[in-house]
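data23.txt follows; it contains compact mmCIF, C-alpha atoms.
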# COMPACT_ATOMS: atom_id res chain seq x y z
CA MET A 3 164.69 108.56 196.65
CA THR A 4 168.00 108.71 198.43
CA ASP A 5 171.32 108.28 196.84
CA PRO A 6 174.08 106.54 198.80
CA HIS A 7 176.61 108.74 197.05
CA ILE A 8 175.18 111.92 198.47
CA PRO A 9 177.46 112.77 201.40
CA VAL A 10 175.87 112.37 204.80
CA THR A 11 175.38 115.71 206.53
CA GLU A 12 175.87 116.50 210.17
CA ASP A 13 172.11 116.95 210.54
CA GLU A 14 171.61 113.46 209.22
CA LEU A 15 174.05 112.04 211.73
CA HIS A 16 172.05 113.58 214.55
CA ALA A 17 168.78 112.46 213.02
CA TYR A 18 170.21 108.97 212.69
CA VAL A 19 171.10 108.77 216.39
CA ASP A 20 167.74 110.20 217.38
CA ASN A 21 165.72 107.89 215.14
CA GLU A 22 164.46 110.83 213.13
CA LEU A 23 165.97 109.73 209.86
CA PRO A 24 163.70 108.37 207.13
CA ALA A 25 164.03 104.59 207.14
CA GLU A 26 165.32 104.47 203.59
CA ARG A 27 168.29 106.65 204.42
CA ARG A 28 169.45 104.70 207.46
CA GLY A 29 171.33 102.16 205.42
CA ASP A 30 173.21 104.93 203.60
CA VAL A 31 174.26 106.49 206.86
CA GLU A 32 175.41 103.17 208.23
CA ALA A 33 177.48 102.58 205.11
CA TRP A 34 178.92 106.07 205.43
CA LEU A 35 179.87 105.51 209.07
CA ALA A 36 181.68 102.31 208.15
CA THR A 37 184.02 104.30 205.95
CA HIS A 38 184.20 107.54 207.95
CA PRO A 39 185.73 106.77 211.35
CA ASP A 40 185.62 110.39 212.54
CA ASP A 41 181.87 110.54 212.09
CA ALA A 42 181.50 107.08 213.58
CA THR A 43 183.41 108.27 216.65
CA ARG A 44 181.15 111.27 216.99
CA VAL A 45 178.01 109.20 216.69
CA HIS A 46 179.41 106.85 219.30
CA SER A 47 180.16 109.76 221.64
CA TRP A 48 176.57 111.00 221.37
CA ARG A 49 175.28 107.58 222.31
CA THR A 50 177.64 107.44 225.26
CA MET A 51 176.37 110.88 226.25
CA ALA A 52 172.77 109.67 226.22
CA GLU A 53 173.76 106.71 228.38
CA ALA A 54 175.51 109.02 230.82
CA LEU A 55 172.40 111.22 231.02
CA HIS A 56 170.20 108.24 231.76
CA ALA A 57 172.68 106.84 234.25
CA ARG A 58 172.71 110.15 236.05
CA TYR A 59 169.05 111.13 236.00
CA ASP A 60 166.85 108.06 235.60
CA SER A 61 167.10 107.33 239.30
CA ILE A 62 165.10 110.51 239.95
CA ALA A 63 162.21 109.20 237.90
CA ASP A 64 162.37 106.00 239.93
CA GLU A 65 162.11 107.77 243.27
CA ALA A 66 158.83 107.83 245.11
CA VAL A 67 156.97 111.02 244.22
CA PRO A 68 157.26 113.51 247.10
CA LYS A 69 154.05 114.16 249.00
CA ARG A 70 153.81 117.75 247.92
CA LEU A 71 153.61 116.67 244.28
CA GLU A 72 150.72 114.29 244.79
CA ILE A 73 147.83 115.14 242.52
CA GLU A 74 145.25 114.59 245.25
CA ARG A 75 146.97 117.22 247.31
CA LEU A 76 147.24 119.69 244.47
CA VAL A 77 143.64 119.54 243.32
CA ARG A 78 142.19 120.61 246.65
CA GLN A 79 140.94 124.14 247.20
CA PRO A 80 143.63 126.68 246.30
CA ARG A 81 143.59 128.11 249.80
CA LYS A 82 144.12 124.74 251.35
CA TRP A 83 146.66 124.01 248.72
CA VAL A 84 148.64 127.05 249.68
CA TYR A 85 148.56 125.94 253.26
CA GLY A 86 149.55 122.38 252.44
CA ALA A 87 152.33 123.61 250.26
CA ILE A 88 153.54 125.80 253.08
CA ALA A 89 153.77 122.84 255.39
CA ALA A 90 155.62 120.91 252.73
CA THR A 91 157.99 123.78 252.04
CA LEU A 92 158.68 124.28 255.70
CA ALA A 93 159.32 120.61 256.25
CA ALA A 94 161.63 120.54 253.26
CA PHE A 95 163.74 123.42 254.34
CA ILE A 96 163.90 122.49 257.99
CA ALA A 97 165.22 119.14 256.91
CA GLY A 98 168.15 121.01 255.45
CA GLY A 99 169.41 120.80 251.93
CA GLY A 100 170.20 123.58 249.55
CA VAL A 101 168.93 127.07 249.95
CA GLY A 102 166.92 126.81 246.81
CA TRP A 103 164.25 129.39 246.64
CA LEU A 104 161.85 130.76 244.17
CA ALA A 105 159.15 133.28 244.36
CA ARG A 106 156.21 132.80 242.16
CA GLY A 107 152.59 133.62 242.39
CA ALA A 108 149.51 132.88 240.44
CA ALA A 109 149.79 136.00 238.36
CA ALA A 110 152.79 137.80 239.74
CA SER A 111 156.05 138.07 237.94
CA PRO A 112 158.69 136.37 240.06
CA SER A 113 160.83 139.47 240.13
CA ALA A 114 158.20 141.48 242.00
CA LEU A 115 158.25 139.09 244.93
CA GLN A 116 162.00 138.86 244.80
CA ASN A 117 162.34 142.63 244.92
CA PHE A 118 160.03 142.66 247.85
CA THR A 119 162.15 140.12 249.71
CA VAL A 120 165.28 142.11 249.07
CA HIS A 121 163.57 145.20 250.52
CA ALA A 122 162.39 143.25 253.53
CA LEU A 123 165.89 141.94 254.18
CA GLU A 124 167.38 145.40 253.76
CA ALA A 125 164.90 146.99 256.12
CA HIS A 126 165.58 144.31 258.66
CA ARG A 127 169.33 144.78 258.42
CA LEU A 128 169.02 148.54 258.68
CA TYR A 129 166.75 148.80 261.69
CA VAL A 130 167.44 145.73 263.71
CA VAL A 131 170.79 147.10 264.90
CA GLU A 132 169.18 150.33 266.10
CA VAL A 133 169.24 150.56 269.86
CA ARG A 134 167.54 153.88 270.47
CA HIS A 135 165.30 154.37 267.43
CA PRO A 136 164.40 151.03 265.95
CA VAL A 137 160.79 152.06 265.35
CA GLU A 138 158.64 155.14 264.87
CA VAL A 139 155.68 154.00 266.93
CA PRO A 140 156.45 151.93 270.02
CA GLY A 141 154.74 148.63 270.76
CA SER A 142 153.06 150.16 273.78
CA GLU A 143 150.83 152.00 271.30
CA ARG A 144 149.78 148.88 269.44
CA ALA A 145 146.26 150.03 268.56
CA HIS A 146 147.50 153.32 267.21
CA LEU A 147 150.27 151.60 265.25
CA GLN A 148 147.81 149.25 263.57
CA GLN A 149 145.38 152.00 262.79
CA TRP A 150 148.02 154.30 261.38
CA LEU A 151 149.69 151.66 259.21
CA THR A 152 146.34 150.38 257.96
CA LYS A 153 145.36 153.89 256.95
CA ARG A 154 148.63 154.67 255.23
CA CYS A 155 149.11 151.29 253.55
CA GLY A 156 145.54 150.68 252.47
CA TRP A 157 145.16 147.12 253.70
CA LEU A 158 144.48 145.74 257.12
CA VAL A 159 147.76 145.84 259.03
CA ARG A 160 147.75 143.81 262.21
CA ALA A 161 150.59 143.41 264.66
CA PRO A 162 150.35 139.69 265.39
CA GLU A 163 150.44 138.51 268.98
CA LEU A 164 153.68 136.58 269.27
CA ALA A 165 153.93 136.37 273.05
CA PRO A 166 153.35 132.60 272.95
CA ALA A 167 156.52 132.41 270.87
CA GLY A 168 158.34 134.55 273.41
CA LEU A 169 158.32 137.73 271.35
CA LYS A 170 157.27 141.19 272.38
CA LEU A 171 156.26 143.90 269.94
CA VAL A 172 158.94 146.58 269.82
CA GLY A 173 156.92 148.71 267.45
CA GLY A 174 156.66 149.57 263.81
CA ARG A 175 157.27 152.05 261.04
CA LEU A 176 156.08 153.03 257.64
CA LEU A 177 158.56 152.44 254.82
CA PRO A 178 158.65 153.13 251.11
CA GLY A 179 158.17 149.85 249.26
CA SER A 180 158.31 149.16 245.56
CA GLY A 181 155.23 150.79 244.15
CA GLY A 182 153.74 151.96 247.41
CA PRO A 183 154.00 152.05 251.17
CA ALA A 184 155.21 149.13 253.23
CA SER A 185 154.60 148.31 256.87
CA PHE A 186 157.43 147.19 259.06
CA MET A 187 157.10 145.73 262.54
CA MET A 188 159.76 144.59 264.92
CA TYR A 189 159.60 141.99 267.67
CA GLU A 190 162.10 141.10 270.33
CA SER A 191 162.65 138.22 272.71
CA THR A 192 163.92 138.56 276.25
CA SER A 193 167.31 137.41 275.04
CA GLY A 194 167.37 140.21 272.45
CA GLU A 195 166.80 138.26 269.26
CA ARG A 196 164.85 140.40 266.81
CA PHE A 197 162.37 139.43 264.14
CA THR A 198 160.73 141.79 261.70
CA ILE A 199 157.56 141.53 259.64
CA TYR A 200 157.41 143.43 256.41
CA THR A 201 154.27 143.73 254.30
CA VAL A 202 153.62 145.40 251.01
CA LYS A 203 150.93 145.29 248.35
CA SER A 204 151.44 142.37 246.02
CA ASP A 205 150.39 141.54 242.48
CA ALA A 206 150.20 137.94 243.52
CA LYS A 207 146.91 136.94 245.03
CA ALA A 208 148.45 134.06 246.91
CA THR A 209 151.68 132.16 246.77
CA GLN A 210 153.37 129.41 248.63
CA MET A 211 155.65 130.20 251.49
CA ARG A 212 159.23 130.54 250.33
CA TYR A 213 162.58 130.83 251.93
CA ALA A 214 165.35 133.26 251.12
CA ALA A 215 168.66 133.83 252.82
CA GLN A 216 171.21 136.50 252.32
CA GLY A 217 174.26 136.73 254.51
CA ARG A 218 173.14 136.15 258.08
CA GLU A 219 169.55 137.16 257.47
CA SER A 220 166.95 134.69 256.47
CA SER A 221 163.35 135.15 255.55
CA LEU A 222 160.15 133.27 254.99
CA PHE A 223 157.82 135.09 252.68
CA TRP A 224 154.51 134.56 250.98
CA ALA A 225 151.59 136.43 249.53
CA ASP A 226 148.03 136.17 250.65
CA ASP A 227 145.00 138.06 249.45
CA GLY A 228 147.03 140.61 247.54
CA VAL A 229 149.47 141.37 250.34
CA ALA A 230 153.03 140.08 250.48
CA TYR A 231 154.47 139.15 253.86
CA ALA A 232 158.06 138.58 254.86
CA VAL A 233 159.17 137.40 258.27
CA VAL A 234 162.87 138.08 258.66
CA SER A 235 165.29 136.85 261.27
CA SER A 236 168.90 137.72 261.95
CA GLY A 237 169.89 134.14 262.50
CA ILE A 238 169.82 130.95 260.57
CA ASP A 239 167.75 129.02 263.07
CA ARG A 240 165.23 127.59 260.66
CA GLY A 241 163.06 126.01 263.30
CA ARG A 242 162.68 129.29 265.13
CA LEU A 243 161.95 131.28 261.99
CA THR A 244 159.40 128.71 260.93
CA GLN A 245 157.67 128.86 264.28
CA ILE A 246 157.35 132.63 264.08
CA ALA A 247 156.26 132.66 260.44
CA GLN A 248 153.66 130.00 261.13
CA ALA A 249 152.25 132.04 263.99
CA VAL A 250 152.12 135.15 261.82
CA TYR A 251 150.48 133.26 258.98
CA ASP A 252 147.89 131.67 261.25
CA GLN A 253 146.88 135.02 262.70
CA MET A 254 146.66 136.72 259.30
CA GLU A 255 144.52 133.84 258.19
CA LYS A 256 142.17 134.34 261.14
CA THR A 257 141.79 138.08 260.77
CA GLY A 258 141.04 137.30 257.15
CA GLY A 259 143.11 140.19 255.76
CA MET B 21 138.83 101.76 228.55
CA LEU B 22 141.16 104.21 230.19
CA GLY B 23 140.02 102.83 233.50
CA LYS B 24 141.71 99.59 232.77
CA ALA B 25 144.98 101.07 231.61
CA PHE B 26 145.22 103.33 234.62
CA ALA B 27 143.46 101.09 237.11
CA PRO B 28 144.78 102.21 240.46
CA ASP B 29 145.10 99.88 243.41
CA ASN B 30 142.71 102.05 245.37
CA PRO B 31 139.18 101.91 243.90
CA CYS B 32 138.22 105.25 245.47
CA LYS B 33 140.79 106.94 243.31
CA LEU B 34 139.17 105.64 240.19
CA VAL B 35 136.01 107.49 241.02
CA SER B 36 137.60 110.76 242.04
CA MET B 37 140.22 111.13 239.38
CA THR B 38 139.59 111.86 235.79
CA ALA B 39 141.58 110.34 232.98
CA PHE B 40 143.15 113.74 232.49
CA ARG B 41 144.48 113.83 236.00
CA GLN B 42 145.74 110.32 235.68
CA SER B 43 147.68 111.11 232.57
CA VAL B 44 149.16 114.14 234.33
CA GLU B 45 150.02 112.01 237.31
CA ALA B 46 151.70 109.41 235.16
CA MET B 47 154.07 112.10 233.93
CA ILE B 48 155.34 113.22 237.33
CA PRO B 49 158.39 110.94 237.48
CA ALA B 50 159.58 112.01 234.04
CA LEU B 51 158.90 115.68 234.80
CA ARG B 52 160.98 115.39 237.95
CA ARG B 53 163.83 113.85 236.02
CA TYR B 54 163.72 116.56 233.37
CA ALA B 55 163.42 119.34 235.94
CA ARG B 56 166.37 118.04 237.94
CA ALA B 57 168.60 117.88 234.90
CA LEU B 58 167.39 121.30 233.79
CA ALA B 59 167.62 123.16 237.07
CA ARG B 60 170.15 120.95 238.87
CA ASP B 61 168.98 121.91 242.35
CA ALA B 62 166.63 119.29 243.80
CA ASP B 63 164.36 121.76 245.62
CA ILE B 64 164.10 124.11 242.68
CA ALA B 65 163.40 121.17 240.39
CA ASP B 66 160.50 119.94 242.50
CA ASP B 67 159.21 123.50 242.83
CA LEU B 68 159.15 123.67 239.05
CA VAL B 69 157.29 120.38 238.84
CA GLN B 70 154.83 121.49 241.48
CA ASP B 71 154.09 124.75 239.70
CA THR B 72 153.77 122.88 236.43
CA LEU B 73 151.24 120.51 237.93
CA VAL B 74 149.27 123.29 239.57
CA ARG B 75 149.05 125.16 236.30
CA ALA B 76 148.10 122.06 234.39
CA LEU B 77 145.39 121.10 236.85
CA ARG B 78 144.06 124.61 236.95
CA SER B 79 143.71 124.54 233.19
CA GLU B 80 142.13 121.13 233.18
CA ARG B 81 138.92 122.44 231.70
CA LEU B 82 140.77 124.42 229.08
CA PHE B 83 142.65 121.40 227.88
CA LEU B 84 140.90 120.23 224.75
CA GLY B 85 142.71 117.02 224.16
CA GLY B 86 146.02 116.67 222.44
CA ASP B 87 149.28 115.59 223.93
CA VAL B 88 149.34 116.06 227.69
CA ARG B 89 152.98 115.02 227.78
CA SER B 90 154.21 117.73 225.41
CA TRP B 91 152.00 120.27 227.09
CA LEU B 92 153.49 119.53 230.52
CA TYR B 93 157.04 119.76 229.18
CA THR B 94 156.11 123.09 227.61
CA ILE B 95 154.82 124.52 230.88
CA LEU B 96 157.87 123.35 232.78
CA THR B 97 160.29 124.66 230.17
CA ASN B 98 158.62 128.07 230.20
CA LEU B 99 158.51 128.27 233.98
CA ASN B 100 162.20 127.54 234.11
CA LYS B 101 162.89 130.18 231.51
CA ASN B 102 160.99 132.75 233.60
CA ARG B 103 162.84 131.67 236.67
CA ARG B 104 166.22 132.07 235.06
CA ARG B 105 165.31 135.42 233.60
CA SER B 106 164.44 136.77 237.00
CA LEU B 107 167.51 135.22 238.59
CA ALA B 108 169.65 136.91 235.98
CA ARG B 109 168.39 140.25 237.23
CA ARG B 110 169.35 139.39 240.76
CA PRO B 111 172.61 137.50 240.60
CA GLN B 112 173.23 137.75 244.33
CA PHE B 113 170.35 135.39 244.89
CA MET B 114 171.69 132.61 242.75
CA PRO B 115 171.63 129.44 244.78
CA LEU B 116 174.96 127.70 245.16
CA LEU B 117 173.96 124.81 243.00
CA ASP B 118 177.28 123.07 242.87
CA ASN B 119 177.16 122.43 246.59
CA ASN B 120 174.02 120.44 246.15
CA PRO B 121 174.73 117.04 247.61
CA ASP B 122 173.58 114.35 245.31
CA ALA B 123 173.78 110.70 246.05
CA SER B 124 172.38 109.34 242.82
CA GLY B 125 174.20 108.59 239.61
CA THR B 126 177.50 106.93 239.07
CA GLU B 127 179.71 109.31 240.98
CA ALA B 128 182.36 110.93 238.80
CA GLU B 129 180.57 110.33 235.53
CA GLY B 130 177.34 111.74 236.89
CA ARG B 131 179.09 114.83 238.17
CA ASP B 132 180.81 115.30 234.85
CA ILE B 133 177.65 115.14 232.80
CA ALA B 134 175.90 117.47 235.27
CA ARG B 135 178.75 119.93 235.05
CA ALA B 136 178.81 119.73 231.27
CA LEU B 137 175.08 120.45 231.20
CA SER B 138 175.55 123.45 233.40
CA THR B 139 177.80 125.11 230.85
CA LEU B 140 175.10 125.04 228.17
CA VAL B 141 172.88 127.99 227.47
CA GLU B 142 169.30 127.46 228.50
CA GLU B 143 167.73 126.63 225.13
CA GLN B 144 170.46 124.19 224.24
CA ARG B 145 170.23 122.38 227.56
CA SER B 146 166.49 122.11 227.18
CA VAL B 147 166.74 120.70 223.64
CA LEU B 148 169.44 118.24 224.61
CA LEU B 149 167.47 116.94 227.58
CA LEU B 150 164.13 116.74 225.81
CA VAL B 151 165.62 114.77 222.95
CA MET B 152 168.28 112.65 224.65
CA LEU B 153 166.80 112.11 228.11
CA GLU B 154 163.06 112.42 227.58
CA GLY B 155 162.99 110.95 224.10
CA LEU B 156 160.85 113.60 222.44
CA SER B 157 160.83 114.07 218.70
CA TYR B 158 162.33 117.10 216.98
CA ARG B 159 158.81 118.15 216.04
CA GLU B 160 157.62 118.02 219.64
CA VAL B 161 160.63 119.97 220.87
CA ALA B 162 160.09 122.58 218.17
CA ASP B 163 156.52 123.04 219.40
CA ILE B 164 157.63 123.19 223.03
CA GLN B 165 160.21 125.87 222.34
CA GLY B 166 158.12 127.61 219.73
CA VAL B 167 160.84 127.52 217.08
CA PRO B 168 161.29 125.85 213.67
CA ILE B 169 162.69 122.32 213.53
CA GLY B 170 165.87 123.65 211.94
CA THR B 171 166.52 125.69 215.07
CA VAL B 172 166.00 122.64 217.25
CA MET B 173 168.52 120.72 215.18
CA SER B 174 171.16 123.41 215.28
CA ARG B 175 170.68 123.84 219.03
CA LEU B 176 171.00 120.11 219.49
CA ALA B 177 174.15 119.95 217.35
CA ARG B 178 175.77 122.78 219.28
CA ALA B 179 174.74 121.33 222.61
CA ARG B 180 176.21 117.95 221.75
CA ALA B 181 179.47 119.44 220.54
CA HIS B 182 179.72 121.52 223.68
CA VAL B 183 178.98 118.67 226.08
CA LYS B 184 181.33 116.36 224.21
CA ALA B 185 184.12 118.90 224.49
CA SER B 186 183.34 119.43 228.13
CA LEU B 187 183.39 115.72 228.93
CA GLU B 188 186.57 115.12 226.98
CA GLY B 189 188.69 118.14 227.48
CA GLY B 190 187.52 119.94 230.58
CA ARG B 191 187.52 123.68 230.77
CA ALA B 192 190.28 124.53 228.34
CA ALA B 193 188.49 122.77 225.53
CA LEU B 194 185.23 124.41 226.46
CA ARG B 195 186.59 127.85 225.96
CA ARG B 196 187.91 126.90 222.58
CA VAL B 197 184.63 125.45 221.38
CA LYS B 198 182.59 128.32 222.66

Here is a file; write its structure as structure tokens.
Amino acid sequence: MTDPHIPVTEDELHAYVDNELPAERRGDVEAWLATHPDDATRVHSWRTMAEALHARYDSIADEAVPKRLEIERLVRQPRKWVYGAIAATLAAFIAGGGVGWLARGAAASPSALQNFTVHALEAHRLYVVEVRHPVEVPGSERAHLQQWLTKRCGWLVRAPELAPAGLKLVGGRLLPGSGGPASFMMYESTSGERFTIYTVKSDAKATQMRYAAQGRESSLFWADDGVAYAVVSSGIDRGRLTQIAQAVYDQMEKTGG
Amino acid sequence: MLGKAFAPDNPCKLVSMTAFRQSVEAMIPALRRYARALARDADIADDLVQDTLVRALRSERLFLGGDVRSWLYTILTNLNKNRRRSLARRPQFMPLLDNNPDASGTEAEGRDIARALSTLVEEQRSVLLLVMLEGLSYREVADIQGVPIGTVMSRLARARAHVKASLEGGRAALRRVK
């Protein structure tokens, strides 16, 4: 039903290249291209483009699939999956590479977790430089601090024991978070490096551990059981931050928040 | 009959994995390729693939047959759209993608095509990659993006013109075409 005298349209040229053209029209297009060098050049350029795309990206499909994408790993219990993914994420970012980060949860909108990370980084930046008043409740009153923050926040707030990692609890404060209160705790090493732990209620039930960096501050953050956690450090020592975050995560896991 | 087509080297796997999972698994390399071209950053790309797989596996029981391949591309495309939307609200968190070291591809040409892709708007890049790299039909892409075929074709035409101009003329030409 096609007529070779009907001019070939741009849509048809694309369809021709993409094998979407009805078979009976192919011959017409080929005849057209023979007499229309401009169109023939364009068609040629699209084919070259496809070759360039394959040359650039096919190698990725040929790579061995990374461990964290193995189906066996992903179909395990969600909880275990989160943990496995954390290990994978940590390994990936310790190894270096781009500071790619994403925050996503099962049900949470990504922006909620991102907002939360921004707040955690801001709080860290604001209070970590304080010499005289970094916290409201000092670490010497640990039990009171935990009790008070738990009461005000509405979830179980624990000040993790980070002495094995060389960190002492400086203390904590209550902060306004997005959509409710947030707990903020500060730790310090003998050499004066400070880490903070920020928690706030989260829409996400559980997410993987993610990494975010802004300026000199870097953070590992995740959500677990409806609470979002961020561990923030003033440096870019990934190994150190990972060690602390892992310890925090392990203890939250045990207390079963 | 599927068992034969997907027969894994490890017999234990055959018992534990359903045909559904196997067809998802078979798609991982292609999903990684698409994600890398779409998101450019290797870590972000694999994050996208991982989230796609998790969602797909979680919905295993809800999947009532049909084309697993298209379905996976749909999930990944939507996840990337969400990601970009949230990044747009927080521009200071944009990863510095161009610094991403990348060994694969034929050097200059690979960089050029990657850069040309980066100048496309999201929907156009997605259409271009699904058709030209992943080999999907216009119909499939229309379903993935939830638009009529005509829209797919006009996006594809614009994307090709844009990339062509980018590859040929560099930035000056790009501005003109835009």

Selection near region 146-163 of chain B, 9 Å with all atoms listed in the file, sequence-local residues under 2 positions removed, as a VMD selection string: (chain A and resid 17 20 to 22 49 51 to 53 55 to 56 59 to 60) or (chain B and resid 50 to 51 53 to 54 57 to 58 90 93 to 94 97 137 141 to 144 165 to 173 175 to 177 179 to 180)

Counting only C-alpha atoms, what is within 10 Å of Ile95 (chain B), bar same-chain residues fewer than 4 positions away, as a list in words? Leu68, Val69, Asp71, Thr72, Leu73, Arg75, Ala76, Ser90, Trp91, Leu99, Asn100, Lys101 and Ile164 of chain B

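The gap separating CA of Ala54 (chain A) from CA of Ala66 (chain A) is 22.0 Å, in Å to one decimal.
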
Would you please work out which residue, of A:Arg70, A:His126, A:His135, A:Arg160, is nearest to chain B when using only C-alpha atoms? A:Arg70

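CA of Ala208 (chain A) lies 24.1 Å from CA of Glu45 (chain B).
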
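Residue nearest chain B within the list A:Asp41, A:Glu26, A:Glu255, A:Glu72: A:Glu72 [criterion: smallest interatomic distance, all atoms listed in the file].
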
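Pairwise distance (CA of Met188 (chain A), CA of Val233 (chain A)) equals 9.8 Å.
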
Size and centre in Å, one decimal, axis-aligned box, all listed region 143-155 of chain B atoms plus 3 Å per side, as JSON:
{"center_x": 166.7, "center_y": 118.8, "center_z": 225.5, "size_x": 13.5, "size_y": 21.7, "size_z": 11.2}

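For the choices A:Ala214, A:Leu123, A:Val133, A:Val31, the atom-to-atom distance to chain B is smallest for A:Ala214 when using all atoms listed in the file.
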